[in-house]
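Structure file start-v2.cif (mmCIF, C-alpha atoms) follows.
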```cif
data_start
#
loop_
_atom_site.group_PDB
_atom_site.id
_atom_site.type_symbol
_atom_site.label_atom_id
_atom_site.label_comp_id
_atom_site.auth_asym_id
_atom_site.auth_seq_id
_atom_site.Cartn_x
_atom_site.Cartn_y
_atom_site.Cartn_z
ATOM 1 C CA MET W 1 -3.166 -33.492 -53.760
ATOM 2 C CA ASP W 2 -2.677 -31.890 -57.180
ATOM 3 C CA ARG W 3 0.405 -33.640 -58.537
ATOM 4 C CA SER W 4 1.103 -30.991 -61.179
ATOM 5 C CA SER W 5 1.283 -28.188 -58.625
ATOM 6 C CA GLU W 6 3.208 -30.396 -56.204
ATOM 7 C CA LEU W 7 5.755 -31.229 -58.915
ATOM 8 C CA ALA W 8 6.114 -27.587 -59.900
ATOM 9 C CA ASP W 9 6.572 -26.437 -56.296
ATOM 10 C CA PHE W 10 9.037 -29.230 -55.537
ATOM 11 C CA LEU W 11 11.222 -28.558 -58.590
ATOM 12 C CA ARG W 12 11.178 -24.796 -57.971
ATOM 13 C CA SER W 13 12.133 -25.266 -54.332
ATOM 14 C CA ARG W 14 14.996 -27.620 -55.217
ATOM 15 C CA ARG W 15 16.493 -25.444 -57.954
ATOM 16 C CA ALA W 16 16.184 -22.438 -55.648
ATOM 17 C CA GLY W 17 18.487 -24.270 -53.255
ATOM 18 C CA VAL W 18 21.283 -24.849 -55.787
ATOM 19 C CA THR W 19 23.512 -21.837 -56.355
ATOM 20 C CA PRO W 20 25.340 -21.364 -59.666
ATOM 21 C CA GLU W 21 28.605 -21.891 -57.815
ATOM 22 C CA ARG W 22 27.444 -25.255 -56.460
ATOM 23 C CA ALA W 23 26.318 -26.232 -59.953
ATOM 24 C CA GLY W 24 29.702 -25.311 -61.419
ATOM 25 C CA LEU W 25 28.426 -22.376 -63.477
ATOM 26 C CA ALA W 26 30.426 -19.230 -64.098
ATOM 27 C CA GLU W 27 28.779 -15.855 -63.454
ATOM 28 C CA ASP W 28 27.185 -14.621 -66.691
ATOM 29 C CA GLY W 29 26.526 -11.037 -65.652
ATOM 30 C CA ARG W 30 22.739 -11.325 -65.861
ATOM 31 C CA ALA W 31 20.725 -10.067 -62.908
ATOM 32 C CA ARG W 32 19.102 -12.880 -60.954
ATOM 33 C CA ARG W 33 15.439 -12.418 -60.174
ATOM 34 C CA VAL W 34 15.158 -15.796 -58.431
ATOM 35 C CA PRO W 35 17.388 -17.555 -55.897
ATOM 36 C CA GLY W 36 19.346 -20.511 -57.153
ATOM 37 C CA LEU W 37 19.318 -21.786 -60.717
ATOM 38 C CA ARG W 38 17.173 -20.454 -63.541
ATOM 39 C CA ARG W 39 15.067 -22.825 -65.618
ATOM 40 C CA ASP W 40 17.325 -22.482 -68.642
ATOM 41 C CA GLU W 41 20.363 -23.320 -66.510
ATOM 42 C CA VAL W 42 18.736 -26.479 -65.152
ATOM 43 C CA ALA W 43 17.736 -27.462 -68.679
ATOM 44 C CA ARG W 44 21.214 -26.890 -70.085
ATOM 45 C CA LEU W 45 22.927 -28.830 -67.310
ATOM 46 C CA ALA W 46 20.410 -31.687 -67.622
ATOM 47 C CA GLY W 47 20.751 -31.871 -71.407
ATOM 48 C CA VAL W 48 17.145 -30.993 -72.242
ATOM 49 C CA SER W 49 15.572 -27.958 -73.888
ATOM 50 C CA THR W 50 14.364 -25.046 -71.809
ATOM 51 C CA GLU W 51 10.899 -25.500 -73.302
ATOM 52 C CA TYR W 52 10.810 -29.151 -72.256
ATOM 53 C CA TYR W 53 11.985 -28.421 -68.715
ATOM 54 C CA THR W 54 9.411 -25.618 -68.402
ATOM 55 C CA ARG W 55 6.644 -28.008 -69.465
ATOM 56 C CA LEU W 56 8.010 -30.605 -67.039
ATOM 57 C CA GLU W 57 7.997 -28.127 -64.168
ATOM 58 C CA GLN W 58 4.436 -27.226 -65.063
ATOM 59 C CA GLY W 59 3.364 -30.878 -65.116
ATOM 60 C CA ARG W 60 2.725 -30.883 -68.889
ATOM 61 C CA ALA W 61 5.609 -33.032 -70.158
ATOM 62 C CA GLY W 62 4.125 -36.501 -69.710
ATOM 63 C CA ASN W 63 6.408 -39.220 -68.397
ATOM 64 C CA PRO W 64 10.095 -38.352 -68.778
ATOM 65 C CA SER W 65 12.588 -41.128 -69.394
ATOM 66 C CA PRO W 66 14.652 -42.546 -66.496
ATOM 67 C CA GLU W 67 17.691 -40.869 -68.059
ATOM 68 C CA VAL W 68 16.044 -37.439 -67.877
ATOM 69 C CA VAL W 69 14.946 -38.032 -64.284
ATOM 70 C CA GLU W 70 18.482 -39.069 -63.353
ATOM 71 C CA SER W 71 19.936 -35.989 -65.054
ATOM 72 C CA LEU W 72 17.543 -33.694 -63.206
ATOM 73 C CA ALA W 73 18.303 -35.397 -59.898
ATOM 74 C CA ARG W 74 22.022 -34.895 -60.529
ATOM 75 C CA VAL W 75 21.675 -31.219 -61.486
ATOM 76 C CA LEU W 76 19.364 -30.442 -58.576
ATOM 77 C CA GLN W 77 21.663 -32.430 -56.252
ATOM 78 C CA LEU W 78 18.808 -34.497 -54.852
ATOM 79 C CA ASP W 79 19.408 -36.973 -52.055
ATOM 80 C CA PHE W 80 17.886 -40.468 -52.002
ATOM 81 C CA ALA W 81 14.555 -39.423 -50.473
ATOM 82 C CA GLU W 82 14.228 -36.450 -52.850
ATOM 83 C CA ARG W 83 14.880 -38.699 -55.861
ATOM 84 C CA GLU W 84 12.238 -41.071 -54.574
ATOM 85 C CA HIS W 85 9.799 -38.184 -54.152
ATOM 86 C CA LEU W 86 10.499 -36.862 -57.656
ATOM 87 C CA THR W 87 9.816 -40.322 -59.094
ATOM 88 C CA ASP W 88 6.537 -40.517 -57.158
ATOM 89 C CA LEU W 89 5.408 -37.098 -58.426
ATOM 90 C CA LEU W 90 6.278 -38.007 -62.023
ATOM 91 C CA ALA W 91 4.507 -41.369 -61.907
ATOM 92 C CA ARG W 92 1.384 -41.819 -63.994
ATOM 93 C CA PRO W 93 -1.551 -40.849 -61.756
ATOM 94 C CA THR W 94 -3.836 -43.654 -60.631
ATOM 95 C CA PRO W 95 -7.592 -43.253 -60.089
ATOM 96 C CA ALA W 96 -8.645 -42.498 -56.530
ATOM 97 C CA ARG W 97 -10.090 -45.488 -54.696
ATOM 98 C CA ARG W 98 -13.755 -45.270 -53.871
ATOM 99 C CA THR W 99 -13.528 -47.941 -51.178
ATOM 100 C CA PRO W 100 -11.942 -47.196 -47.785
ATOM 101 C CA THR W 101 -8.387 -48.413 -47.280
ATOM 102 C CA ALA W 102 -8.237 -51.440 -44.988
ATOM 103 C CA PRO W 103 -6.762 -50.762 -41.531
ATOM 104 C CA GLN W 104 -3.120 -51.732 -41.181
ATOM 105 C CA ARG W 105 -2.387 -54.682 -38.927
ATOM 106 C CA VAL W 106 0.850 -55.706 -37.246
ATOM 107 C CA ARG W 107 1.558 -59.401 -37.654
ATOM 108 C CA PRO W 108 2.086 -61.553 -34.534
ATOM 109 C CA GLY W 109 5.826 -61.961 -35.193
ATOM 110 C CA LEU W 110 6.378 -58.199 -34.917
ATOM 111 C CA HIS W 111 4.365 -58.047 -31.706
ATOM 112 C CA LEU W 112 6.564 -60.800 -30.329
ATOM 113 C CA MET W 113 9.660 -58.829 -31.385
ATOM 114 C CA LEU W 114 8.424 -55.748 -29.515
ATOM 115 C CA GLN W 115 7.900 -57.883 -26.435
ATOM 116 C CA THR W 116 11.404 -59.342 -26.790
ATOM 117 C CA LEU W 117 12.875 -55.809 -26.991
ATOM 118 C CA GLU W 118 11.770 -55.138 -23.414
ATOM 119 C CA HIS W 119 14.868 -53.179 -22.325
ATOM 120 C CA VAL W 120 14.577 -50.387 -24.939
ATOM 121 C CA PRO W 121 11.670 -48.419 -26.468
ATOM 122 C CA ALA W 122 10.403 -49.909 -29.721
ATOM 123 C CA PHE W 123 7.308 -49.337 -31.832
ATOM 124 C CA VAL W 124 5.846 -49.938 -35.293
ATOM 125 C CA LEU W 125 4.775 -47.047 -37.501
ATOM 126 C CA GLY W 126 2.374 -47.381 -40.410
ATOM 127 C CA ARG W 127 1.198 -44.988 -43.083
ATOM 128 C CA ARG W 128 0.957 -41.326 -42.046
ATOM 129 C CA THR W 129 3.255 -42.125 -39.039
ATOM 130 C CA ASP W 130 0.340 -43.936 -37.373
ATOM 131 C CA VAL W 131 1.563 -45.796 -34.285
ATOM 132 C CA LEU W 132 0.344 -49.344 -34.913
ATOM 133 C CA ALA W 133 1.979 -51.053 -31.925
ATOM 134 C CA SER W 134 4.428 -50.199 -29.158
ATOM 135 C CA ASN W 135 6.138 -51.785 -26.194
ATOM 136 C CA ARG W 136 5.847 -50.565 -22.623
ATOM 137 C CA LEU W 137 9.042 -48.494 -22.608
ATOM 138 C CA ALA W 138 8.044 -46.706 -25.806
ATOM 139 C CA ARG W 139 4.768 -45.724 -24.182
ATOM 140 C CA ALA W 140 6.622 -44.585 -21.051
ATOM 141 C CA VAL W 141 9.296 -42.546 -22.859
ATOM 142 C CA LEU W 142 7.047 -40.871 -25.460
ATOM 143 C CA THR W 143 3.376 -41.061 -24.538
ATOM 144 C CA ASP W 144 0.853 -43.823 -23.929
ATOM 145 C CA PHE W 145 -0.527 -44.118 -27.444
ATOM 146 C CA ASP W 146 -2.721 -47.046 -26.399
ATOM 147 C CA ALA W 147 -4.602 -44.722 -24.021
ATOM 148 C CA LEU W 148 -5.496 -42.395 -26.904
ATOM 149 C CA PRO W 149 -8.456 -42.810 -29.257
ATOM 150 C CA ALA W 150 -7.458 -44.939 -32.249
ATOM 151 C CA THR W 151 -7.658 -41.959 -34.639
ATOM 152 C CA GLN W 152 -5.126 -40.000 -32.541
ATOM 153 C CA ARG W 153 -2.383 -42.640 -32.311
ATOM 154 C CA ASN W 154 -0.052 -40.824 -34.639
ATOM 155 C CA LEU W 155 3.553 -39.720 -34.128
ATOM 156 C CA ALA W 156 3.301 -36.506 -36.183
ATOM 157 C CA ARG W 157 0.167 -35.512 -34.323
ATOM 158 C CA TYR W 158 1.904 -36.140 -30.994
ATOM 159 C CA TYR W 159 5.012 -34.121 -31.872
ATOM 160 C CA LEU W 160 3.130 -31.155 -33.337
ATOM 161 C CA LEU W 161 -0.054 -30.921 -31.265
ATOM 162 C CA ASP W 162 0.643 -32.390 -27.829
ATOM 163 C CA PRO W 163 1.998 -29.647 -25.504
ATOM 164 C CA GLU W 164 3.870 -32.300 -23.516
ATOM 165 C CA ALA W 165 5.954 -33.205 -26.584
ATOM 166 C CA ARG W 166 7.558 -29.757 -26.679
ATOM 167 C CA GLU W 167 8.815 -30.293 -23.128
ATOM 168 C CA ARG W 168 9.742 -33.956 -23.484
ATOM 169 C CA VAL W 169 11.382 -34.078 -26.931
ATOM 170 C CA GLY W 170 14.910 -32.677 -27.051
ATOM 171 C CA ASP W 171 15.612 -30.471 -30.093
ATOM 172 C CA TRP W 172 11.857 -30.417 -30.657
ATOM 173 C CA ALA W 173 11.908 -28.136 -33.722
ATOM 174 C CA ARG W 174 14.324 -30.406 -35.613
ATOM 175 C CA ILE W 175 12.401 -33.588 -34.808
ATOM 176 C CA ALA W 176 9.031 -32.021 -35.627
ATOM 177 C CA ALA W 177 10.293 -30.580 -38.936
ATOM 178 C CA GLU W 178 11.785 -33.956 -39.901
ATOM 179 C CA THR W 179 8.441 -35.607 -39.167
ATOM 180 C CA VAL W 180 6.686 -33.136 -41.480
ATOM 181 C CA ALA W 181 9.234 -34.036 -44.180
ATOM 182 C CA ILE W 182 8.321 -37.714 -43.710
ATOM 183 C CA LEU W 183 4.629 -36.852 -44.200
ATOM 184 C CA ARG W 184 5.513 -34.894 -47.362
ATOM 185 C CA LEU W 185 7.267 -37.980 -48.771
ATOM 186 C CA GLU W 186 4.188 -40.072 -48.016
ATOM 187 C CA ALA W 187 1.906 -37.533 -49.669
ATOM 188 C CA GLY W 188 3.813 -37.985 -52.929
ATOM 189 C CA ARG W 189 3.464 -41.753 -52.744
ATOM 190 C CA HIS W 190 -0.190 -41.823 -51.633
ATOM 191 C CA PRO W 191 -1.841 -38.726 -53.175
ATOM 192 C CA HIS W 192 -5.360 -40.129 -52.650
ATOM 193 C CA ASP W 193 -4.970 -41.001 -48.953
ATOM 194 C CA ARG W 194 -7.983 -39.310 -47.390
ATOM 195 C CA ARG W 195 -6.775 -39.815 -43.826
ATOM 196 C CA LEU W 196 -3.409 -38.281 -44.683
ATOM 197 C CA ALA W 197 -5.170 -35.281 -46.213
ATOM 198 C CA ASP W 198 -7.281 -34.949 -43.054
ATOM 199 C CA LEU W 199 -4.155 -35.096 -40.882
ATOM 200 C CA VAL W 200 -2.414 -32.434 -42.970
ATOM 201 C CA GLY W 201 -5.508 -30.259 -42.714
ATOM 202 C CA GLU W 202 -5.662 -30.633 -38.934
ATOM 203 C CA LEU W 203 -1.957 -29.868 -38.537
ATOM 204 C CA THR W 204 -2.301 -26.838 -40.808
ATOM 205 C CA LEU W 205 -5.068 -25.423 -38.638
ATOM 206 C CA ARG W 206 -3.655 -26.276 -35.223
ATOM 207 C CA SER W 207 0.145 -26.158 -35.471
ATOM 208 C CA PRO W 208 1.716 -22.684 -35.890
ATOM 209 C CA GLU W 209 4.894 -24.140 -37.404
ATOM 210 C CA PHE W 210 3.439 -26.789 -39.704
ATOM 211 C CA THR W 211 2.619 -24.671 -42.756
ATOM 212 C CA ASP W 212 6.119 -23.222 -43.119
ATOM 213 C CA TRP W 213 7.709 -26.665 -42.806
ATOM 214 C CA TRP W 214 5.201 -28.220 -45.220
ATOM 215 C CA ASN W 215 5.781 -25.488 -47.803
ATOM 216 C CA ASP W 216 9.547 -26.113 -47.676
ATOM 217 C CA HIS W 217 8.845 -29.273 -49.725
ATOM 218 C CA ARG W 218 11.556 -31.052 -47.780
ATOM 219 C CA VAL W 219 11.236 -34.849 -47.861
ATOM 220 C CA LEU W 220 12.872 -37.409 -45.625
ATOM 221 C CA ARG W 221 13.003 -41.158 -45.201
ATOM 222 C CA ARG W 222 14.123 -41.858 -41.658
ATOM 223 C CA THR W 223 16.632 -44.691 -41.291
ATOM 224 C CA HIS W 224 18.805 -43.962 -38.254
ATOM 225 C CA GLY W 225 19.932 -41.106 -36.076
ATOM 226 C CA SER W 226 19.854 -39.762 -32.543
ATOM 227 C CA LYS W 227 17.051 -38.749 -30.194
ATOM 228 C CA HIS W 228 17.090 -36.929 -26.881
ATOM 229 C CA TYR W 229 14.195 -36.890 -24.421
ATOM 230 C CA HIS W 230 13.608 -35.117 -21.101
ATOM 231 C CA HIS W 231 11.590 -37.562 -18.998
ATOM 232 C CA PRO W 232 9.819 -36.119 -15.929
ATOM 233 C CA LEU W 233 10.723 -39.151 -13.791
ATOM 234 C CA VAL W 234 14.241 -40.167 -14.863
ATOM 235 C CA GLY W 235 15.642 -37.055 -16.559
ATOM 236 C CA ASP W 236 17.600 -36.937 -19.814
ATOM 237 C CA LEU W 237 17.559 -39.946 -22.125
ATOM 238 C CA HIS W 238 19.826 -40.315 -25.160
ATOM 239 C CA PHE W 239 19.100 -42.860 -27.883
ATOM 240 C CA ALA W 240 20.606 -44.034 -31.160
ATOM 241 C CA TYR W 241 17.564 -45.079 -33.156
ATOM 242 C CA GLU W 242 17.369 -47.523 -36.058
ATOM 243 C CA SER W 243 14.412 -47.918 -38.415
ATOM 244 C CA PHE W 244 13.638 -50.994 -40.498
ATOM 245 C CA GLN W 245 10.988 -51.965 -43.018
ATOM 246 C CA PRO W 246 9.743 -55.439 -42.084
ATOM 247 C CA PRO W 247 9.721 -57.861 -45.046
ATOM 248 C CA GLY W 248 6.289 -58.157 -46.599
ATOM 249 C CA ASP W 249 4.933 -54.700 -45.725
ATOM 250 C CA PRO W 250 6.760 -51.648 -47.126
ATOM 251 C CA ASP W 251 4.226 -49.352 -45.420
ATOM 252 C CA GLN W 252 5.326 -50.382 -41.925
ATOM 253 C CA THR W 253 8.481 -49.329 -40.076
ATOM 254 C CA LEU W 254 9.969 -50.892 -36.952
ATOM 255 C CA CYS W 255 11.690 -48.219 -34.836
ATOM 256 C CA VAL W 256 14.098 -49.216 -32.072
ATOM 257 C CA TYR W 257 15.672 -46.740 -29.621
ATOM 258 C CA ASN W 258 19.024 -48.295 -28.703
ATOM 259 C CA VAL W 259 21.172 -47.316 -25.716
ATOM 260 C CA GLU W 260 24.793 -47.868 -24.769
ATOM 261 C CA PRO W 261 25.101 -50.713 -22.231
ATOM 262 C CA GLY W 262 26.062 -49.377 -18.834
ATOM 263 C CA SER W 263 25.235 -45.783 -19.776
ATOM 264 C CA ALA W 264 23.208 -43.347 -17.695
ATOM 265 C CA THR W 265 20.318 -43.805 -20.132
ATOM 266 C CA ALA W 266 20.436 -47.593 -19.734
ATOM 267 C CA GLU W 267 20.227 -47.201 -15.961
ATOM 268 C CA ALA W 268 17.413 -44.650 -16.264
ATOM 269 C CA LEU W 269 15.462 -47.037 -18.504
ATOM 270 C CA ARG W 270 15.949 -49.831 -15.974
ATOM 271 C CA LEU W 271 14.448 -47.623 -13.281
ATOM 272 C CA LEU W 272 11.645 -46.440 -15.543
ATOM 273 C CA SER W 273 10.839 -50.030 -16.467
ATOM 274 C CA SER W 274 10.597 -51.072 -12.831
ATOM 275 C CA TRP W 275 8.467 -48.065 -11.880
ATOM 276 C CA THR W 276 6.024 -48.554 -14.743
ATOM 277 C CA ALA W 277 5.827 -52.356 -14.627
ATOM 278 C CA PRO W 278 2.185 -53.474 -14.575
ATOM 279 C CA GLU W 279 0.761 -55.798 -11.992
ATOM 280 C CA PRO W 280 0.966 -59.415 -13.236
ATOM 281 C CA THR W 281 -2.448 -59.906 -14.826
ATOM 282 C CA GLY W 282 -1.508 -61.937 -17.896
ATOM 283 C CA THR W 283 -1.977 -58.897 -20.135
ATOM 284 C CA PRO W 284 0.328 -59.098 -23.177
ATOM 285 C CA GLU W 285 3.233 -56.647 -23.182
ATOM 286 C CA THR W 286 2.181 -55.217 -26.546
ATOM 287 C CA ARG W 287 -1.317 -54.621 -27.730
ATOM 288 C CA GLN W 288 -2.787 -54.454 -31.224
ATOM 289 C CA ASN W 289 -4.411 -51.133 -32.035
ATOM 290 C CA PRO W 290 -7.949 -51.542 -33.321
#
```
Translate this structure into structure tokens?
Amino acid sequence: MDRSSELADFLRSRRAGVTPERAGLAEDGRARRVPGLRRDEVARLAGVSTEYYTRLEQGRAGNPSPEVVESLARVLQLDFAEREHLTDLLARPTPARRTPTAPQRVRPGLHLMLQTLEHVPAFVLGRRTDVLASNRLARAVLTDFDALPATQRNLARYYLLDPEARERVGDWARIAAETVAILRLEAGRHPHDRRLADLVGELTLRSPEFTDWWNDHRVLRRTHGSKHYHHPLVGDLHFAYESFQPPGDPDQTLCVYNVEPGSATAEALRLLSSWTAPEPTGTPETRQNP
């Protein structure tokens, strides 16, 4: 990923989304050739020169001070994830690694936690939304990631390329677009991730919607929210999900799909759990992906 072009596209897309009215500017009578704020307006509101902001947007301004970054984030009305992404894009580039990145592993304590959370779907995501581990209900509600080849155990790939996901995931377009925004945030943090670049390339070629969502330059860090699934066996399922970063590994996320006790979804999960329960063979409830 070319950080200079990524920075330029991100800043242009964010200032295009801020109208003069939202920025508190009075109409000056000049014709607007671009949506949103002009470069000189962003510069004036941020307290920097137009020349400096232009060089910054073109990736030629070096490392701006934290005060300048904060001013730009305020003017462009960036949320937390967008501020994080801007900081990543402005960071001093590091040389690309010539050695392959070691596979991510889920520590035994997290596997035990997934097994303990046996009444709700739960799974662990790694870099690139790779599904590193999951419990039985997560595999039943979404898809059986463990049955897939190791290189295909990926949530973004499932949402965007698996035809079943479009039928099973409620509000599919919103969820898929949010997942693309999560990948965009990761691309800013890990610009030399070869596997992420390969995933983006595959999604570009195979998903009709991916390119438009990717070019929006929207970024998102998922923390909590709602999910709705249409399961072929038990019908509609409604979840309130929570996401956590386990201590010791900022590149892993524990996702738990909670349900209201006594709700229709809780009863449906109870039935689904009984119908999909394996024969007692001593096989652990959760399995480590290779």
Practice task
Evaluate the PyMOL selection byres ((chain W and resi 204-214) around 9) here and jot the selected residues down as a PyMOL selection string.
Solution key: chain W and resi 160-161+173+176-178+180-181+183-184+199-203+215-218
Exercise for the section: Can you give me, as a list of chain:residue names, the residues this file yields under the PyMOL selection byres ((chain W and resi 133) around 6)? Expected result: W:Phe123, W:Val124, W:Val131, W:Leu132, W:Ser134, W:Gln288
Using only C-alpha atoms, determine which residues lie at most 8 Å from segment 40-50 of chain W, disregarding the query and same-chain residues fewer than 5 positions distant; provide the list as a PDB file with C-alpha atoms, in the coordinates of the input.
```
ATOM      1  CA  ARG W  15      16.493 -25.444 -57.954  1.00  0.00           C
ATOM      2  CA  VAL W  68      16.044 -37.439 -67.877  1.00  0.00           C
ATOM      3  CA  SER W  71      19.936 -35.989 -65.054  1.00  0.00           C
ATOM      4  CA  LEU W  72      17.543 -33.694 -63.206  1.00  0.00           C
ATOM      5  CA  ARG W  74      22.022 -34.895 -60.529  1.00  0.00           C
ATOM      6  CA  VAL W  75      21.675 -31.219 -61.486  1.00  0.00           C
ATOM      7  CA  LEU W  76      19.364 -30.442 -58.576  1.00  0.00           C
TER       8      LEU W  76
END
```
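Within the file as shown, the PyMOL selection byres ((chain W and resi 126) around 9) identifies Gln104, Arg105, Val124, Leu125, Arg127, Arg128, Thr129, Asp130, Val131, Leu132, Asp251, Gln252 and Thr253 of chain W.
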Problem - Distance of atom CA of Tyr159 of chain W from atom CA of Leu220 of chain W, expressed in Å to one decimal place - result: 16.2 Å
Completion exercise
atom CA of His190 of chain W to atom CA of Arg3 of chain W measures 10.7 Å
Problem - Contacts of His119 of chain W within 9 Å, all atoms listed in the file, excl. fewer than 5 positions in-chain, as a PyMOL selection string - result: chain W and resi 137+266+269-270+273
For the residues in the current selection, export C-alpha atoms as an mmCIF file, in the coordinates of the input.
```cif
data_model
loop_
_atom_site.group_PDB
_atom_site.id
_atom_site.type_symbol
_atom_site.label_atom_id
_atom_site.label_comp_id
_atom_site.auth_asym_id
_atom_site.auth_seq_id
_atom_site.Cartn_x
_atom_site.Cartn_y
_atom_site.Cartn_z
ATOM 1 C CA LEU W 137 9.042 -48.494 -22.608
ATOM 2 C CA ALA W 266 20.436 -47.593 -19.734
ATOM 3 C CA LEU W 269 15.462 -47.037 -18.504
ATOM 4 C CA ARG W 270 15.949 -49.831 -15.974
ATOM 5 C CA SER W 273 10.839 -50.030 -16.467
#
```
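Proximity of W:Ala264, W:Cys255, W:Ala73, W:Leu271 to Phe10 of chain W, computed with all atoms listed in the file, is greatest for W:Ala73.
Rounded to one decimal, atom CA of Phe145 of chain W and atom CA of Pro191 of chain W lie 26.3 Å from each other.
You can rank W:Asn135, W:Asn63, W:Thr143, W:Gln77 by their closest distance to Leu254 of chain W using all atoms listed in the file, and at the top of that list sits W:Asn135.
If only C-alpha atoms are the atoms counted, then among W:Arg14, W:Arg168, W:Arg136, W:Arg39 the closest residue to Pro232 of chain W is W:Arg168.
Between Asp2 of chain W and the candidates W:Ala187, W:Val169, W:Val69, W:Ala122, the tightest atom-to-atom separation, counting all atoms listed in the file, involves W:Ala187.
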Problem - Residue neighbourhood Phe239 of chain W, 9 Å, only C-alpha atoms, exclusion window fewer than 6 positions, as a ChimeraX atom specification - result: /W:225-229,257-260,265
Keeping only C-alpha atoms, take the residues you just selected and write them out as a short mmCIF file (atom, residue, chain, number, x, y, z; two decimals), keeping the file's coordinate frame.
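Ended up saving to out-v7.cif:
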```cif
data_model
loop_
_atom_site.label_atom_id
_atom_site.label_comp_id
_atom_site.auth_asym_id
_atom_site.auth_seq_id
_atom_site.Cartn_x
_atom_site.Cartn_y
_atom_site.Cartn_z
CA GLY W 225 19.93 -41.11 -36.08
CA SER W 226 19.85 -39.76 -32.54
CA LYS W 227 17.05 -38.75 -30.19
CA HIS W 228 17.09 -36.93 -26.88
CA TYR W 229 14.20 -36.89 -24.42
CA TYR W 257 15.67 -46.74 -29.62
CA ASN W 258 19.02 -48.30 -28.70
CA VAL W 259 21.17 -47.32 -25.72
CA GLU W 260 24.79 -47.87 -24.77
CA THR W 265 20.32 -43.80 -20.13
#
```
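Take the candidates W:Glu70, W:Val256, W:Glu21, W:Gly170 and check each one against Met113 of chain W using all atoms listed in the file; the shortest distance goes to W:Val256.
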Incomplete segment 169-181 of chain W filled out to N, CA, C and O atoms as a tab-separated table (two decimals), in the coordinates of the input:
```
chain	number	residue	atom	x	y	z
W	169	VAL	N	10.53	-33.74	-25.80
W	169	VAL	CA	11.38	-34.08	-26.93
W	169	VAL	C	12.53	-33.08	-27.03
W	169	VAL	O	12.31	-31.88	-27.25
W	170	GLY	N	13.76	-33.54	-26.87
W	170	GLY	CA	14.91	-32.68	-27.05
W	170	GLY	C	15.05	-32.26	-28.50
W	170	GLY	O	14.76	-33.04	-29.41
W	171	ASP	N	15.51	-31.01	-28.74
W	171	ASP	CA	15.61	-30.47	-30.09
W	171	ASP	C	14.28	-30.64	-30.82
W	171	ASP	O	14.22	-31.15	-31.94
W	172	TRP	N	13.21	-30.19	-30.16
W	172	TRP	CA	11.86	-30.42	-30.66
W	172	TRP	C	11.67	-29.91	-32.09
W	172	TRP	O	11.08	-30.61	-32.92
W	173	ALA	N	12.15	-28.72	-32.40
W	173	ALA	CA	11.91	-28.14	-33.72
W	173	ALA	C	12.50	-29.02	-34.82
W	173	ALA	O	11.89	-29.22	-35.88
W	174	ARG	N	13.70	-29.54	-34.60
W	174	ARG	CA	14.32	-30.41	-35.61
W	174	ARG	C	13.52	-31.68	-35.81
W	174	ARG	O	13.24	-32.07	-36.95
W	175	ILE	N	13.14	-32.32	-34.72
W	175	ILE	CA	12.40	-33.59	-34.81
W	175	ILE	C	11.03	-33.37	-35.45
W	175	ILE	O	10.59	-34.15	-36.31
W	176	ALA	N	10.35	-32.29	-35.06
W	176	ALA	CA	9.03	-32.02	-35.63
W	176	ALA	C	9.13	-31.71	-37.11
W	176	ALA	O	8.32	-32.19	-37.92
W	177	ALA	N	10.12	-30.91	-37.52
W	177	ALA	CA	10.29	-30.58	-38.94
W	177	ALA	C	10.63	-31.83	-39.75
W	177	ALA	O	10.15	-32.00	-40.89
W	178	GLU	N	11.46	-32.71	-39.20
W	178	GLU	CA	11.78	-33.96	-39.90
W	178	GLU	C	10.54	-34.82	-40.07
W	178	GLU	O	10.37	-35.47	-41.11
W	179	THR	N	9.67	-34.82	-39.08
W	179	THR	CA	8.44	-35.61	-39.17
W	179	THR	C	7.51	-35.06	-40.25
W	179	THR	O	6.86	-35.82	-40.99
W	180	VAL	N	7.46	-33.75	-40.39
W	180	VAL	CA	6.69	-33.14	-41.48
W	180	VAL	C	7.27	-33.55	-42.83
W	180	VAL	O	6.53	-33.84	-43.78
W	181	ALA	N	8.59	-33.61	-42.94
W	181	ALA	CA	9.23	-34.04	-44.18
W	181	ALA	C	8.89	-35.48	-44.51
W	181	ALA	O	8.76	-35.85	-45.68
```
